[in-house]
$ cat coords.cif   # mmCIF, N, CA and C atoms
data_run
loop_
_atom_site.label_atom_id
_atom_site.label_comp_id
_atom_site.auth_asym_id
_atom_site.auth_seq_id
_atom_site.Cartn_x
_atom_site.Cartn_y
_atom_site.Cartn_z
N MET A 1 31.23 -38.26 33.33
CA MET A 1 30.72 -36.97 33.71
C MET A 1 30.48 -36.97 35.21
N SER A 2 30.56 -35.84 35.80
CA SER A 2 30.48 -35.73 37.25
C SER A 2 29.10 -35.31 37.73
N GLY A 3 28.06 -35.78 37.13
CA GLY A 3 26.72 -35.49 37.58
C GLY A 3 26.14 -34.17 37.05
N ARG A 4 26.95 -33.43 36.33
CA ARG A 4 26.44 -32.18 35.76
C ARG A 4 25.71 -32.49 34.46
N THR A 5 24.63 -31.82 34.23
CA THR A 5 23.92 -32.01 32.97
C THR A 5 23.99 -30.72 32.17
N LEU A 6 24.22 -30.89 30.95
CA LEU A 6 24.25 -29.74 30.05
C LEU A 6 22.82 -29.44 29.60
N PRO A 7 22.51 -28.17 29.43
CA PRO A 7 21.17 -27.84 28.93
C PRO A 7 20.94 -28.50 27.58
N ASN A 8 19.73 -28.91 27.37
CA ASN A 8 19.36 -29.54 26.11
C ASN A 8 19.44 -28.48 25.01
N SER A 9 20.27 -28.72 24.03
CA SER A 9 20.46 -27.74 22.96
C SER A 9 19.17 -27.54 22.17
N ASN A 10 18.31 -28.56 22.11
CA ASN A 10 17.03 -28.38 21.41
C ASN A 10 16.16 -27.35 22.11
N ASN A 11 16.16 -27.35 23.43
CA ASN A 11 15.36 -26.39 24.18
C ASN A 11 15.91 -24.98 24.01
N LEU A 12 17.23 -24.84 23.93
CA LEU A 12 17.81 -23.51 23.73
C LEU A 12 17.40 -22.94 22.38
N GLY A 13 17.43 -23.77 21.35
CA GLY A 13 17.03 -23.33 20.03
C GLY A 13 15.57 -22.92 19.98
N PHE A 14 14.73 -23.71 20.68
CA PHE A 14 13.30 -23.41 20.71
C PHE A 14 13.05 -22.10 21.45
N SER A 15 13.75 -21.89 22.57
CA SER A 15 13.60 -20.65 23.34
C SER A 15 14.07 -19.45 22.53
N LEU A 16 15.16 -19.63 21.82
CA LEU A 16 15.66 -18.55 20.98
C LEU A 16 14.65 -18.21 19.88
N MET A 17 14.06 -19.22 19.28
CA MET A 17 13.05 -18.99 18.24
C MET A 17 11.84 -18.27 18.82
N LYS A 18 11.42 -18.66 20.04
CA LYS A 18 10.29 -17.99 20.68
C LYS A 18 10.62 -16.52 20.96
N LEU A 19 11.85 -16.26 21.37
CA LEU A 19 12.27 -14.89 21.65
C LEU A 19 12.27 -14.06 20.37
N ILE A 20 12.77 -14.63 19.29
CA ILE A 20 12.80 -13.93 18.00
C ILE A 20 11.38 -13.66 17.52
N LEU A 21 10.51 -14.66 17.63
CA LEU A 21 9.12 -14.50 17.21
C LEU A 21 8.43 -13.42 18.04
N ALA A 22 8.65 -13.45 19.34
CA ALA A 22 8.03 -12.45 20.22
C ALA A 22 8.51 -11.05 19.87
N SER A 23 9.80 -10.89 19.57
CA SER A 23 10.30 -9.56 19.22
C SER A 23 9.73 -9.08 17.89
N LYS A 24 9.56 -10.00 16.93
CA LYS A 24 8.95 -9.62 15.65
C LYS A 24 7.50 -9.21 15.84
N LEU A 25 6.77 -9.93 16.68
CA LEU A 25 5.37 -9.58 16.93
C LEU A 25 5.26 -8.22 17.61
N MET A 26 6.16 -7.93 18.54
CA MET A 26 6.13 -6.63 19.21
C MET A 26 6.42 -5.51 18.21
N ALA A 27 7.37 -5.74 17.32
CA ALA A 27 7.68 -4.73 16.30
C ALA A 27 6.47 -4.51 15.40
N LEU A 28 5.78 -5.58 15.05
CA LEU A 28 4.60 -5.48 14.20
C LEU A 28 3.49 -4.69 14.88
N ILE A 29 3.34 -4.87 16.18
CA ILE A 29 2.32 -4.13 16.93
C ILE A 29 2.56 -2.63 16.84
N PHE A 30 3.84 -2.23 16.84
CA PHE A 30 4.15 -0.80 16.75
C PHE A 30 4.10 -0.29 15.32
N ILE A 31 4.36 -1.14 14.36
CA ILE A 31 4.40 -0.73 12.96
C ILE A 31 2.99 -0.61 12.37
N LEU A 32 2.11 -1.55 12.68
CA LEU A 32 0.78 -1.57 12.07
C LEU A 32 -0.01 -0.28 12.27
N PRO A 33 -0.06 0.29 13.46
CA PRO A 33 -0.81 1.53 13.59
C PRO A 33 -0.20 2.68 12.80
N ALA A 34 1.06 2.56 12.41
CA ALA A 34 1.73 3.63 11.66
C ALA A 34 1.52 3.50 10.16
N CYS A 35 0.85 2.46 9.70
CA CYS A 35 0.62 2.28 8.27
C CYS A 35 -0.39 3.29 7.76
N GLN A 36 -0.12 3.83 6.59
CA GLN A 36 -1.05 4.78 6.00
C GLN A 36 -2.33 4.08 5.57
N VAL A 37 -3.43 4.80 5.65
CA VAL A 37 -4.74 4.28 5.29
C VAL A 37 -5.35 5.20 4.24
N THR A 38 -5.90 4.62 3.18
CA THR A 38 -6.53 5.41 2.12
C THR A 38 -8.01 5.07 2.04
N THR A 39 -8.84 6.11 1.99
CA THR A 39 -10.28 5.92 1.81
C THR A 39 -10.69 6.55 0.48
N PHE A 40 -11.73 6.02 -0.12
CA PHE A 40 -12.20 6.50 -1.43
C PHE A 40 -13.66 6.92 -1.32
N SER A 41 -13.98 8.03 -1.97
CA SER A 41 -15.36 8.52 -2.05
C SER A 41 -15.69 8.82 -3.50
N ASN A 42 -16.78 8.28 -3.99
CA ASN A 42 -17.18 8.51 -5.38
C ASN A 42 -17.69 9.93 -5.56
N ILE A 43 -17.21 10.57 -6.62
CA ILE A 43 -17.69 11.90 -6.99
C ILE A 43 -18.77 11.72 -8.05
N THR A 44 -18.42 11.04 -9.12
CA THR A 44 -19.35 10.66 -10.18
C THR A 44 -18.97 9.25 -10.60
N ASP A 45 -19.69 8.71 -11.55
CA ASP A 45 -19.35 7.39 -12.06
C ASP A 45 -17.98 7.46 -12.73
N GLY A 46 -17.01 6.71 -12.20
CA GLY A 46 -15.68 6.69 -12.78
C GLY A 46 -14.73 7.75 -12.26
N VAL A 47 -15.17 8.57 -11.30
CA VAL A 47 -14.32 9.60 -10.69
C VAL A 47 -14.49 9.50 -9.18
N ARG A 48 -13.36 9.51 -8.48
CA ARG A 48 -13.41 9.40 -7.02
C ARG A 48 -12.34 10.28 -6.38
N THR A 49 -12.52 10.52 -5.08
CA THR A 49 -11.53 11.21 -4.28
C THR A 49 -10.82 10.16 -3.43
N ALA A 50 -9.50 10.21 -3.41
CA ALA A 50 -8.70 9.33 -2.57
C ALA A 50 -8.05 10.17 -1.48
N VAL A 51 -8.35 9.86 -0.24
CA VAL A 51 -7.77 10.58 0.89
C VAL A 51 -6.88 9.59 1.65
N THR A 52 -5.59 9.93 1.77
CA THR A 52 -4.65 9.08 2.49
C THR A 52 -4.33 9.73 3.83
N TYR A 53 -4.50 8.93 4.88
CA TYR A 53 -4.24 9.39 6.24
C TYR A 53 -2.92 8.82 6.74
N GLU A 54 -2.34 9.48 7.72
CA GLU A 54 -1.06 9.06 8.30
C GLU A 54 -1.15 7.66 8.90
N ASN A 55 -2.27 7.35 9.57
CA ASN A 55 -2.46 6.03 10.16
C ASN A 55 -3.94 5.76 10.32
N SER A 56 -4.27 4.65 10.95
CA SER A 56 -5.66 4.22 11.04
C SER A 56 -6.52 5.12 11.92
N SER A 57 -5.92 6.01 12.69
CA SER A 57 -6.73 6.93 13.50
C SER A 57 -7.42 7.98 12.62
N LYS A 58 -6.92 8.16 11.39
CA LYS A 58 -7.48 9.09 10.40
C LYS A 58 -7.56 10.53 10.92
N LYS A 59 -6.59 10.92 11.72
CA LYS A 59 -6.56 12.28 12.25
C LYS A 59 -5.77 13.24 11.37
N ARG A 60 -4.72 12.73 10.69
CA ARG A 60 -3.86 13.61 9.89
C ARG A 60 -3.89 13.16 8.43
N VAL A 61 -4.31 14.07 7.55
CA VAL A 61 -4.37 13.78 6.11
C VAL A 61 -2.97 13.97 5.52
N VAL A 62 -2.51 12.94 4.80
CA VAL A 62 -1.22 12.99 4.13
C VAL A 62 -1.39 13.53 2.71
N SER A 63 -2.42 13.05 2.02
CA SER A 63 -2.69 13.54 0.66
C SER A 63 -4.16 13.35 0.32
N LYS A 64 -4.60 14.17 -0.60
CA LYS A 64 -5.98 14.09 -1.10
C LYS A 64 -5.92 14.31 -2.60
N THR A 65 -6.35 13.33 -3.38
CA THR A 65 -6.30 13.44 -4.83
C THR A 65 -7.61 13.00 -5.45
N ILE A 66 -7.83 13.49 -6.66
CA ILE A 66 -8.95 13.03 -7.47
C ILE A 66 -8.40 11.98 -8.42
N GLU A 67 -9.12 10.89 -8.58
CA GLU A 67 -8.70 9.83 -9.49
C GLU A 67 -9.82 9.52 -10.47
N MET A 68 -9.43 9.14 -11.68
CA MET A 68 -10.40 8.79 -12.71
C MET A 68 -10.08 7.38 -13.20
N PHE A 69 -11.14 6.60 -13.44
CA PHE A 69 -10.98 5.23 -13.88
C PHE A 69 -10.72 5.20 -15.39
N ASP A 70 -9.75 4.37 -15.78
CA ASP A 70 -9.43 4.20 -17.20
C ASP A 70 -9.90 2.80 -17.60
N ALA A 71 -10.89 2.73 -18.48
CA ALA A 71 -11.47 1.44 -18.87
C ALA A 71 -10.47 0.55 -19.61
N LEU A 72 -9.57 1.14 -20.39
CA LEU A 72 -8.60 0.35 -21.14
C LEU A 72 -7.70 -0.47 -20.22
N THR A 73 -7.18 0.17 -19.19
CA THR A 73 -6.25 -0.51 -18.29
C THR A 73 -6.93 -1.12 -17.06
N GLY A 74 -8.12 -0.64 -16.75
CA GLY A 74 -8.81 -1.11 -15.54
C GLY A 74 -8.20 -0.53 -14.28
N GLN A 75 -7.49 0.60 -14.40
CA GLN A 75 -6.80 1.22 -13.27
C GLN A 75 -7.32 2.64 -13.04
N TRP A 76 -7.03 3.16 -11.85
CA TRP A 76 -7.35 4.54 -11.48
C TRP A 76 -6.09 5.38 -11.59
N PHE A 77 -6.23 6.59 -12.17
CA PHE A 77 -5.11 7.49 -12.32
C PHE A 77 -5.50 8.89 -11.85
N GLU A 78 -4.51 9.66 -11.45
CA GLU A 78 -4.74 11.01 -10.94
C GLU A 78 -5.43 11.87 -11.99
N ALA A 79 -6.42 12.64 -11.55
CA ALA A 79 -7.19 13.50 -12.45
C ALA A 79 -7.45 14.84 -11.77
N GLU A 80 -8.05 15.74 -12.54
CA GLU A 80 -8.42 17.05 -12.00
C GLU A 80 -9.70 17.52 -12.66
N ARG A 81 -10.38 18.39 -11.98
CA ARG A 81 -11.62 18.95 -12.52
C ARG A 81 -11.29 20.24 -13.26
N GLY A 82 -11.76 20.30 -14.49
CA GLY A 82 -11.53 21.49 -15.30
C GLY A 82 -12.52 22.59 -14.96
N VAL A 83 -12.28 23.78 -15.51
CA VAL A 83 -13.17 24.92 -15.24
C VAL A 83 -14.57 24.69 -15.77
N ASP A 84 -14.69 23.81 -16.79
CA ASP A 84 -16.02 23.51 -17.34
C ASP A 84 -16.73 22.40 -16.58
N GLY A 85 -16.09 21.88 -15.51
CA GLY A 85 -16.72 20.85 -14.67
C GLY A 85 -16.43 19.42 -15.08
N THR A 86 -15.71 19.24 -16.18
CA THR A 86 -15.38 17.88 -16.60
C THR A 86 -14.06 17.47 -15.96
N TYR A 87 -13.84 16.17 -15.91
CA TYR A 87 -12.61 15.63 -15.32
C TYR A 87 -11.70 15.10 -16.42
N ALA A 88 -10.40 15.29 -16.22
CA ALA A 88 -9.40 14.80 -17.17
C ALA A 88 -8.18 14.36 -16.37
N PHE A 89 -7.42 13.45 -16.96
CA PHE A 89 -6.20 13.00 -16.30
C PHE A 89 -5.21 14.16 -16.20
N THR A 90 -4.53 14.23 -15.07
CA THR A 90 -3.45 15.22 -14.93
C THR A 90 -2.26 14.73 -15.76
N SER A 91 -1.27 15.59 -15.95
CA SER A 91 -0.08 15.15 -16.68
C SER A 91 0.59 13.99 -15.95
N ARG A 92 0.57 14.03 -14.63
CA ARG A 92 1.14 12.91 -13.86
C ARG A 92 0.33 11.64 -14.07
N GLY A 93 -0.99 11.75 -14.05
CA GLY A 93 -1.85 10.59 -14.28
C GLY A 93 -1.64 10.00 -15.67
N GLN A 94 -1.49 10.86 -16.67
CA GLN A 94 -1.24 10.39 -18.03
C GLN A 94 0.11 9.69 -18.13
N ALA A 95 1.12 10.23 -17.44
CA ALA A 95 2.45 9.62 -17.49
C ALA A 95 2.46 8.25 -16.83
N VAL A 96 1.78 8.12 -15.70
CA VAL A 96 1.71 6.83 -15.00
C VAL A 96 0.95 5.82 -15.87
N LYS A 97 -0.12 6.27 -16.52
CA LYS A 97 -0.89 5.40 -17.41
C LYS A 97 -0.03 4.93 -18.58
N ARG A 98 0.69 5.86 -19.21
CA ARG A 98 1.58 5.48 -20.33
C ARG A 98 2.64 4.48 -19.88
N GLN A 99 3.20 4.69 -18.70
CA GLN A 99 4.23 3.78 -18.19
C GLN A 99 3.64 2.40 -17.92
N LEU A 100 2.45 2.34 -17.37
CA LEU A 100 1.79 1.06 -17.12
C LEU A 100 1.55 0.31 -18.42
N ILE A 101 1.06 1.01 -19.42
CA ILE A 101 0.81 0.38 -20.72
C ILE A 101 2.12 -0.10 -21.34
N ALA A 102 3.17 0.72 -21.28
CA ALA A 102 4.47 0.33 -21.83
C ALA A 102 5.01 -0.91 -21.12
N ASN A 103 4.88 -0.96 -19.81
CA ASN A 103 5.35 -2.13 -19.05
C ASN A 103 4.57 -3.38 -19.43
N GLU A 104 3.26 -3.24 -19.60
CA GLU A 104 2.42 -4.37 -19.98
C GLU A 104 2.78 -4.87 -21.38
N GLU A 105 3.02 -3.94 -22.29
CA GLU A 105 3.37 -4.32 -23.65
C GLU A 105 4.70 -5.05 -23.70
N ARG A 106 5.66 -4.58 -22.89
CA ARG A 106 6.95 -5.27 -22.82
C ARG A 106 6.80 -6.67 -22.25
N ALA A 107 5.98 -6.80 -21.24
CA ALA A 107 5.83 -8.08 -20.54
C ALA A 107 5.03 -9.09 -21.34
N SER A 108 4.00 -8.62 -22.06
CA SER A 108 3.10 -9.58 -22.72
C SER A 108 3.05 -9.45 -24.23
N GLY A 109 3.71 -8.48 -24.78
CA GLY A 109 3.70 -8.32 -26.22
C GLY A 109 2.50 -7.54 -26.73
N GLY A 110 1.78 -6.89 -25.82
CA GLY A 110 0.63 -6.07 -26.25
C GLY A 110 -0.32 -5.84 -25.11
N TYR A 111 -1.11 -4.82 -25.21
CA TYR A 111 -2.07 -4.52 -24.13
C TYR A 111 -3.40 -4.95 -24.55
#
$ encode --input "coords.cif" --output "structure tokens"
Amino acid sequence: MSGRTLPNSNNLGFSLMKLILASKLMALIFILPACQVTTFSNITDGVRTAVTYENSSKKRVVSKTIEMFDALTGQWFEAERGVDGTYAFTSRGQAVKRQLIANEERASGGY
């Protein structure tokens, strides 16, 4: 060899990895503030309001729903307040609950 040294290939790989890591971290910095945030407020025992905001600044509401707790599944499902003041699952909430139970029964042989 004529006195020329080639760059250490290990250092190139390490630099490339640092560059990739740095670009991923920068992307994450921009993505995290854009994540939706949901807050919950209790209405009564077993009934709550779920408010989902566009991001952590909580300036723009994306959705607002009432949810009711189902003791059988241990999950919250969409509900609505009736004219008599009681809460009941919406048709969508009932469908999601039925699907959850069906999936559990398939997976474990029973709920």
$ resolve_selection --input "coords.cif" --expression "the PyMOL selection byres ((chain A and resi 49) around 6)" --output "PyMOL selection string"
chain A and resi 39-43+47-48+50-51+65-67
$ residues_around --input "coords.cif" --residues "range 96-101 of chain A" --least-positions-apart "5" --cutoff "8 Å" --atoms "all atoms listed in the file" --output "mmCIF file with N, CA and C atoms, keeping the file's coordinate frame"
data_model
loop_
_atom_site.group_PDB
_atom_site.id
_atom_site.type_symbol
_atom_site.label_atom_id
_atom_site.label_comp_id
_atom_site.auth_asym_id
_atom_site.auth_seq_id
_atom_site.Cartn_x
_atom_site.Cartn_y
_atom_site.Cartn_z
ATOM 1 N N THR A 73 -7.180 0.170 -19.190
ATOM 2 C CA THR A 73 -6.250 -0.510 -18.290
ATOM 3 C C THR A 73 -6.930 -1.120 -17.060
ATOM 4 N N TRP A 76 -7.030 3.160 -11.850
ATOM 5 C CA TRP A 76 -7.350 4.540 -11.480
ATOM 6 C C TRP A 76 -6.090 5.380 -11.590
ATOM 7 N N PHE A 77 -6.230 6.590 -12.170
ATOM 8 C CA PHE A 77 -5.110 7.490 -12.320
ATOM 9 C C PHE A 77 -5.500 8.890 -11.850
ATOM 10 N N GLU A 78 -4.510 9.660 -11.450
ATOM 11 C CA GLU A 78 -4.740 11.010 -10.940
ATOM 12 C C GLU A 78 -5.430 11.870 -11.990
ATOM 13 N N THR A 90 -4.530 14.230 -15.070
ATOM 14 C CA THR A 90 -3.450 15.220 -14.930
ATOM 15 C C THR A 90 -2.260 14.730 -15.760
ATOM 16 N N SER A 91 -1.270 15.590 -15.950
ATOM 17 C CA SER A 91 -0.080 15.150 -16.680
ATOM 18 C C SER A 91 0.590 13.990 -15.950
ATOM 19 N N ARG A 106 5.660 -4.580 -22.890
ATOM 20 C CA ARG A 106 6.950 -5.270 -22.820
ATOM 21 C C ARG A 106 6.800 -6.670 -22.250
ATOM 22 N N ALA A 107 5.980 -6.800 -21.240
ATOM 23 C CA ALA A 107 5.830 -8.080 -20.540
ATOM 24 C C ALA A 107 5.030 -9.090 -21.340
ATOM 25 N N GLY A 110 1.780 -6.890 -25.820
ATOM 26 C CA GLY A 110 0.630 -6.070 -26.250
ATOM 27 C C GLY A 110 -0.320 -5.840 -25.110
ATOM 28 N N TYR A 111 -1.110 -4.820 -25.210
ATOM 29 C CA TYR A 111 -2.070 -4.520 -24.130
ATOM 30 C C TYR A 111 -3.400 -4.950 -24.550
#
$ atom_distance --input "coords.cif" --atom1 "CA of Val37 in chain A" --atom2 "CA of Lys58 in chain A"
7.5 Å
$ atom_distance --input "coords.cif" --atom1 "CA of Phe89 in chain A" --atom2 "CA of Glu54 in chain A"
25.4 Å
$ atom_distance --input "coords.cif" --atom1 "atom N of Gln94 in chain A" --atom2 "atom N of Asn55 in chain A"
26.5 Å
$ select_by_dssp --input "coords.cif" --residues "range 55-86 of chain A" --states "strand (DSSP E)" --output "list in words"
Val61, Val62, Ser63, Lys64, Thr65, Ile66, Glu67, Met68, Phe69, Asp70, Gln75, Trp76, Phe77, Glu78, Ala79, Glu80 and Arg81 of chain A
$ resolve_selection --input "coords.cif" --expression "the PyMOL selection byres (((chain A and resi 87 and name CA) around 10) and name CA)" --output "list in words"
Thr44, Gly46, Val47, Ile66, Glu67, Met68, Ala79, Glu80, Arg81, Gly82, Val83, Asp84, Gly85, Thr86, Ala88, Phe89 and Thr90 of chain A
$ axis_aligned_box --input "coords.cif" --around "range 62-66 of chain A" --padding-each-side "6 Å" --output "lines of an AutoDock Vina configuration file"
center_x = -5.1
center_y = 13.1
center_z = -1.8
size_x = 19.7
size_y = 14.3
size_z = 25.2
